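So this block is query18.txt, compact mmCIF, C-alpha atoms:
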# COMPACT_ATOMS: atom_id res chain seq x y z
CA GLN A 9 -17.05 -0.72 -21.35
CA VAL A 10 -14.29 1.70 -20.41
CA GLN A 11 -14.36 2.92 -16.83
CA LEU A 12 -12.01 5.04 -14.77
CA VAL A 13 -12.28 5.27 -11.00
CA GLU A 14 -10.24 7.77 -9.03
CA SER A 15 -9.44 7.47 -5.34
CA GLY A 16 -7.09 8.86 -2.74
CA GLY A 17 -8.45 12.34 -2.30
CA GLY A 18 -9.08 13.89 1.08
CA LEU A 19 -8.44 16.75 3.44
CA VAL A 20 -4.82 17.71 4.01
CA GLN A 21 -2.91 20.56 5.56
CA ALA A 22 -0.87 22.87 3.37
CA GLY A 23 2.58 21.41 2.83
CA GLY A 24 1.29 17.87 3.04
CA SER A 25 1.07 15.12 0.47
CA LEU A 26 -1.53 12.92 -1.15
CA ARG A 27 -1.34 10.14 -3.68
CA LEU A 28 -4.22 9.82 -6.09
CA SER A 29 -4.96 6.61 -7.94
CA CYS A 30 -6.98 5.93 -11.05
CA ALA A 31 -8.08 2.41 -11.90
CA VAL A 32 -8.88 1.80 -15.56
CA SER A 33 -11.03 -1.09 -16.69
CA GLY A 34 -12.39 -2.23 -20.03
CA ILE A 35 -9.19 -1.58 -21.97
CA THR A 36 -5.48 -2.18 -21.72
CA ILE A 37 -3.66 1.07 -21.09
CA SER A 38 -0.15 0.21 -22.24
CA GLY A 39 -0.57 1.96 -25.58
CA ASN A 40 -2.46 4.98 -24.30
CA THR A 41 -1.68 8.42 -22.98
CA LEU A 42 -3.27 9.17 -19.65
CA ARG A 43 -3.92 12.56 -18.10
CA TRP A 44 -4.97 14.18 -14.86
CA PHE A 45 -7.10 17.30 -14.78
CA ARG A 46 -8.54 19.27 -11.90
CA GLN A 47 -11.34 21.72 -11.40
CA ALA A 48 -11.84 24.11 -8.53
CA PRO A 49 -15.29 25.51 -7.72
CA GLY A 50 -16.17 28.34 -10.08
CA LYS A 51 -13.08 27.81 -12.19
CA GLN A 52 -12.35 26.19 -15.52
CA ARG A 53 -10.96 22.71 -15.76
CA GLU A 54 -7.16 22.77 -15.64
CA TRP A 55 -4.73 20.27 -17.09
CA VAL A 56 -2.41 18.87 -14.41
CA ALA A 57 -0.24 16.13 -15.87
CA THR A 58 0.22 13.71 -18.76
CA ILE A 59 2.01 10.42 -19.14
CA THR A 60 2.47 8.84 -22.55
CA SER A 61 2.68 5.18 -23.45
CA SER A 62 6.47 5.44 -23.45
CA GLY A 63 6.50 7.00 -20.01
CA SER A 64 7.21 10.58 -21.03
CA THR A 65 5.60 13.07 -18.68
CA GLY A 66 4.44 16.65 -18.75
CA TYR A 67 3.08 18.97 -16.09
CA GLY A 68 1.15 22.17 -15.79
CA ASP A 69 3.19 25.12 -14.63
CA SER A 70 1.31 25.37 -11.36
CA VAL A 71 2.25 21.84 -10.28
CA LYS A 72 5.64 21.36 -11.89
CA GLY A 73 8.22 20.19 -9.38
CA ARG A 74 5.58 19.20 -6.83
CA PHE A 75 3.45 16.57 -8.57
CA THR A 76 4.55 13.32 -10.20
CA ILE A 77 2.47 11.20 -12.55
CA SER A 78 3.21 7.50 -12.98
CA ARG A 79 1.57 4.41 -14.37
CA ASP A 80 1.42 0.66 -13.89
CA ASN A 81 0.31 -0.96 -17.15
CA VAL A 82 -0.04 -4.41 -15.63
CA LYS A 83 -2.40 -3.17 -12.92
CA ARG A 84 -3.98 -0.67 -15.32
CA MET A 85 -3.42 2.11 -12.86
CA VAL A 86 -2.28 5.71 -13.12
CA TYR A 87 -1.11 7.67 -10.11
CA LEU A 88 -0.58 11.27 -9.13
CA GLN A 89 1.80 11.90 -6.27
CA MET A 90 1.16 15.38 -4.91
CA ASN A 91 3.68 16.96 -2.57
CA SER A 92 3.98 20.41 -1.00
CA LEU A 93 0.27 20.91 -1.42
CA LYS A 94 -1.14 24.42 -1.40
CA PRO A 95 -4.68 25.68 -0.77
CA GLU A 96 -4.92 26.56 -4.46
CA ASP A 97 -4.55 22.85 -5.27
CA THR A 98 -8.03 22.31 -3.86
CA GLY A 99 -10.51 20.86 -6.31
CA GLY A 100 -11.87 17.77 -7.97
CA TYR A 101 -9.20 15.66 -9.66
CA TYR A 102 -10.06 13.60 -12.72
CA CYS A 103 -8.15 11.08 -14.78
CA THR A 104 -8.85 10.63 -18.45
CA VAL A 105 -7.87 8.41 -21.36
CA PHE A 106 -8.50 8.85 -25.07
CA TRP A 107 -9.60 5.59 -26.65
CA GLY A 108 -11.86 4.63 -29.52
CA LEU A 109 -12.21 8.21 -30.83
CA ARG A 110 -13.35 9.72 -27.56
CA ASP A 111 -12.20 10.74 -24.13
CA TYR A 112 -13.23 8.76 -21.09
CA TRP A 113 -13.34 10.40 -17.67
CA GLY A 114 -13.64 9.18 -14.14
CA GLN A 115 -16.05 10.59 -11.59
CA GLY A 116 -13.27 12.43 -9.79
CA THR A 117 -11.85 12.53 -6.30
CA GLN A 118 -11.94 15.63 -4.11
CA VAL A 119 -8.79 17.19 -2.72
CA THR A 120 -9.07 19.90 -0.08
CA VAL A 121 -5.96 21.67 1.18
CA HIS A 122 -6.38 23.90 4.20
CA SER A 123 -3.89 26.43 5.45

Render the structure in this file as structure tokens.
Amino acid sequence: QVQLVESGGGLVQAGGSLRLSCAVSGITISGNTLRWFRQAPGKQREWVATITSSGSTGYGDSVKGRFTISRDNVKRMVYLQMNSLKPEDTGGYYCTVFWGLRDYWGQGTQVTVHS
């Protein structure tokens, strides 16, 4: 059974940093692409970052230069380092992996950035 569990969210002042973690169980992640998405209240889900099995990364325009995605295949973890946070970064953050012909999602972790 594939499970993803996010953690590390919280309340932070604008300009601050948070590091989100996503623990994956049920599969090995070394051959998989992993992604972070976020969703603010009343808004559509937004892609944040991707990391491929080879370690290549990609970022949404709104977070480029501020966020960094990384992975630890041995620990089966994916991380999102978020720096220079802005109030518009507020929302639920979700990690996801595509495996076995479907996407698996975690329950999310809430990030709130106050000015």

Atom pair atom CA of Gln89 of chain A / atom CA of Ile35 of chain A: separation (Å):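 Calculated distance between atom CA of Gln89 of chain A and atom CA of Ile35 of chain A is 23.4 Å.
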
Check the smallest atom-to-atom distance from each of A:Ser29, A:Thr98, A:Ser62, A:Ser38 to Ile77 of chain A using only C-alpha atoms, then report the winner.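 Comparing A:Ser29, A:Thr98, A:Ser62, A:Ser38 against Ile77 of chain A, the winner is A:Ser29.
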
Top pick for closest residue to Ser92 of chain A, considering A:Gly73, A:Gly18, A:Gly116, A:Pro49 and counting all atoms listed in the file: A:Gly73

Shell around Trp107 of chain A at 12 Å using all atoms listed in the file, local window under 3 positions removed, as an NGL selection string: :A and (9-11 or 32 or 34-42 or 104 or 110-113)

Nearest to Met85 of chain A, chosen from A:Gly50, A:Cys103, A:Ser70, A:Thr65, with all atoms listed in the file counted in the distances: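 Closest to Met85 of chain A, using all atoms listed in the file: A:Cys103.
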
Between atom CA of Gly23 of chain A and atom CA of Val119 of chain A, what is the distance, to one decimal in Å?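 Spanning atom CA of Gly23 of chain A to atom CA of Val119 of chain A is a straight-line distance of 13.3 Å.
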
In Å to one decimal, how far is atom CA of Trp55 of chain A from atom CA of Asp80 of chain A?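 Spanning atom CA of Asp80 of chain A to atom CA of Trp55 of chain A is a straight-line distance of 20.8 Å.
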
Excluding same-chain residues fewer than 2 positions from Tyr67 of chain A, what lies within 7 Å of it counting all atoms listed in the file, as a list in words? Val56, Ala57, Thr58, Thr65, Asp69, Val71 and Lys72 of chain A

So that I can check the surroundings of Arg46 of chain A, please list as a ChimeraX atom specification every protein, DNA and RNA residue that reaches within 7 Å of it, counting only C-alpha atoms and ignoring chain neighbours fewer than 3 positions away. /A:53-56,99-102

Minimum-distance residue to Ala22 of chain A, chosen among A:Gly114, A:Ser64, A:Thr76, A:Met90 (using only C-alpha atoms):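 Looking at the shortest contact to Ala22 of chain A, the residue is A:Met90.
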
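In this comparison, which uses only C-alpha atoms, the residue of A:Leu12, A:Phe45, A:Leu93, A:Ser61 approaching Arg74 of chain A most closely is A:Leu93.
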
Please return segment 51-62 of chain A, rebuilt to all heavy atoms, as a PDB file, keeping the file's coordinate frame.
ATOM      1  N   LYS A  51     -14.194  27.611 -11.270  1.00  0.00           N
ATOM      2  CA  LYS A  51     -13.080  27.810 -12.190  1.00  0.00           C
ATOM      3  C   LYS A  51     -13.150  26.802 -13.323  1.00  0.00           C
ATOM      4  O   LYS A  51     -13.829  25.777 -13.239  1.00  0.00           O
ATOM      5  CB  LYS A  51     -11.747  27.680 -11.453  1.00  0.00           C
ATOM      6  CG  LYS A  51     -11.507  28.776 -10.435  1.00  0.00           C
ATOM      7  CD  LYS A  51     -10.091  28.698  -9.887  1.00  0.00           C
ATOM      8  CE  LYS A  51      -9.807  29.846  -8.930  1.00  0.00           C
ATOM      9  NZ  LYS A  51      -8.421  29.788  -8.398  1.00  0.00           N
ATOM     10  N   GLN A  52     -12.401  27.109 -14.389  1.00  0.00           N
ATOM     11  CA  GLN A  52     -12.350  26.190 -15.520  1.00  0.00           C
ATOM     12  C   GLN A  52     -11.491  24.976 -15.191  1.00  0.00           C
ATOM     13  O   GLN A  52     -10.609  25.026 -14.337  1.00  0.00           O
ATOM     14  CB  GLN A  52     -11.781  26.917 -16.749  1.00  0.00           C
ATOM     15  CG  GLN A  52     -12.721  27.938 -17.353  1.00  0.00           C
ATOM     16  CD  GLN A  52     -12.207  28.458 -18.677  1.00  0.00           C
ATOM     17  OE1 GLN A  52     -11.011  28.487 -18.932  1.00  0.00           O
ATOM     18  NE2 GLN A  52     -13.118  28.867 -19.537  1.00  0.00           N
ATOM     19  N   ARG A  53     -11.766  23.903 -15.905  1.00  0.00           N
ATOM     20  CA  ARG A  53     -10.960  22.710 -15.760  1.00  0.00           C
ATOM     21  C   ARG A  53      -9.519  23.006 -16.164  1.00  0.00           C
ATOM     22  O   ARG A  53      -9.274  23.694 -17.155  1.00  0.00           O
ATOM     23  CB  ARG A  53     -11.530  21.597 -16.612  1.00  0.00           C
ATOM     24  CG  ARG A  53     -10.819  20.257 -16.480  1.00  0.00           C
ATOM     25  CD  ARG A  53     -11.442  19.270 -17.440  1.00  0.00           C
ATOM     26  NE  ARG A  53     -12.828  18.993 -17.115  1.00  0.00           N
ATOM     27  CZ  ARG A  53     -13.691  18.415 -17.963  1.00  0.00           C
ATOM     28  NH1 ARG A  53     -13.276  18.069 -19.154  1.00  0.00           N
ATOM     29  NH2 ARG A  53     -14.919  18.179 -17.589  1.00  0.00           N
ATOM     30  N   GLU A  54      -8.582  22.482 -15.413  1.00  0.00           N
ATOM     31  CA  GLU A  54      -7.160  22.770 -15.640  1.00  0.00           C
ATOM     32  C   GLU A  54      -6.405  21.457 -15.842  1.00  0.00           C
ATOM     33  O   GLU A  54      -6.547  20.510 -15.052  1.00  0.00           O
ATOM     34  CB  GLU A  54      -6.595  23.511 -14.420  1.00  0.00           C
ATOM     35  CG  GLU A  54      -5.111  23.783 -14.471  1.00  0.00           C
ATOM     36  CD  GLU A  54      -4.569  24.344 -13.171  1.00  0.00           C
ATOM     37  OE1 GLU A  54      -5.262  24.274 -12.143  1.00  0.00           O
ATOM     38  OE2 GLU A  54      -3.426  24.851 -13.176  1.00  0.00           O
ATOM     39  N   TRP A  55      -5.582  21.430 -16.863  1.00  0.00           N
ATOM     40  CA  TRP A  55      -4.730  20.270 -17.090  1.00  0.00           C
ATOM     41  C   TRP A  55      -3.643  20.231 -16.020  1.00  0.00           C
ATOM     42  O   TRP A  55      -3.009  21.238 -15.722  1.00  0.00           O
ATOM     43  CB  TRP A  55      -4.107  20.343 -18.478  1.00  0.00           C
ATOM     44  CG  TRP A  55      -3.009  19.338 -18.693  1.00  0.00           C
ATOM     45  CD1 TRP A  55      -3.128  17.987 -18.750  1.00  0.00           C
ATOM     46  CD2 TRP A  55      -1.620  19.629 -18.867  1.00  0.00           C
ATOM     47  NE1 TRP A  55      -1.892  17.418 -18.959  1.00  0.00           N
ATOM     48  CE2 TRP A  55      -0.948  18.409 -19.036  1.00  0.00           C
ATOM     49  CE3 TRP A  55      -0.877  20.807 -18.904  1.00  0.00           C
ATOM     50  CZ2 TRP A  55       0.426  18.322 -19.238  1.00  0.00           C
ATOM     51  CZ3 TRP A  55       0.486  20.731 -19.109  1.00  0.00           C
ATOM     52  CH2 TRP A  55       1.124  19.484 -19.258  1.00  0.00           C
ATOM     53  N   VAL A  56      -3.403  19.032 -15.468  1.00  0.00           N
ATOM     54  CA  VAL A  56      -2.410  18.870 -14.410  1.00  0.00           C
ATOM     55  C   VAL A  56      -1.176  18.131 -14.899  1.00  0.00           C
ATOM     56  O   VAL A  56      -0.046  18.605 -14.740  1.00  0.00           O
ATOM     57  CB  VAL A  56      -3.029  18.126 -13.205  1.00  0.00           C
ATOM     58  CG1 VAL A  56      -1.965  17.833 -12.153  1.00  0.00           C
ATOM     59  CG2 VAL A  56      -4.181  18.924 -12.611  1.00  0.00           C
ATOM     60  N   ALA A  57      -1.398  16.940 -15.491  1.00  0.00           N
ATOM     61  CA  ALA A  57      -0.240  16.130 -15.870  1.00  0.00           C
ATOM     62  C   ALA A  57      -0.637  15.126 -16.938  1.00  0.00           C
ATOM     63  O   ALA A  57      -1.806  14.737 -17.048  1.00  0.00           O
ATOM     64  CB  ALA A  57       0.325  15.401 -14.655  1.00  0.00           C
ATOM     65  N   THR A  58       0.375  14.707 -17.701  1.00  0.00           N
ATOM     66  CA  THR A  58       0.220  13.710 -18.760  1.00  0.00           C
ATOM     67  C   THR A  58       1.330  12.697 -18.677  1.00  0.00           C
ATOM     68  O   THR A  58       2.472  13.059 -18.366  1.00  0.00           O
ATOM     69  CB  THR A  58       0.264  14.387 -20.143  1.00  0.00           C
ATOM     70  OG1 THR A  58      -0.858  15.266 -20.282  1.00  0.00           O
ATOM     71  CG2 THR A  58       0.250  13.365 -21.267  1.00  0.00           C
ATOM     72  N   ILE A  59       0.991  11.440 -18.967  1.00  0.00           N
ATOM     73  CA  ILE A  59       2.010  10.420 -19.140  1.00  0.00           C
ATOM     74  C   ILE A  59       1.698   9.636 -20.403  1.00  0.00           C
ATOM     75  O   ILE A  59       0.578   9.159 -20.584  1.00  0.00           O
ATOM     76  CB  ILE A  59       2.134   9.504 -17.895  1.00  0.00           C
ATOM     77  CG1 ILE A  59       3.312   8.545 -18.065  1.00  0.00           C
ATOM     78  CG2 ILE A  59       0.839   8.764 -17.594  1.00  0.00           C
ATOM     79  CD1 ILE A  59       3.752   7.888 -16.762  1.00  0.00           C
ATOM     80  N   THR A  60       2.677   9.534 -21.288  1.00  0.00           N
ATOM     81  CA  THR A  60       2.470   8.840 -22.550  1.00  0.00           C
ATOM     82  C   THR A  60       2.716   7.350 -22.392  1.00  0.00           C
ATOM     83  O   THR A  60       3.158   6.872 -21.345  1.00  0.00           O
ATOM     84  CB  THR A  60       3.407   9.395 -23.632  1.00  0.00           C
ATOM     85  OG1 THR A  60       4.758   9.019 -23.307  1.00  0.00           O
ATOM     86  CG2 THR A  60       3.307  10.908 -23.734  1.00  0.00           C
ATOM     87  N   SER A  61       2.466   6.622 -23.474  1.00  0.00           N
ATOM     88  CA  SER A  61       2.680   5.180 -23.450  1.00  0.00           C
ATOM     89  C   SER A  61       4.147   4.818 -23.235  1.00  0.00           C
ATOM     90  O   SER A  61       4.459   3.762 -22.687  1.00  0.00           O
ATOM     91  CB  SER A  61       2.163   4.544 -24.737  1.00  0.00           C
ATOM     92  OG  SER A  61       2.810   5.122 -25.854  1.00  0.00           O
ATOM     93  N   SER A  62       5.037   5.700 -23.631  1.00  0.00           N
ATOM     94  CA  SER A  62       6.470   5.440 -23.450  1.00  0.00           C
ATOM     95  C   SER A  62       6.986   5.919 -22.103  1.00  0.00           C
ATOM     96  O   SER A  62       8.165   5.747 -21.795  1.00  0.00           O
ATOM     97  CB  SER A  62       7.258   6.141 -24.560  1.00  0.00           C
ATOM     98  OG  SER A  62       7.102   7.543 -24.476  1.00  0.00           O
TER      99      SER A  62
END
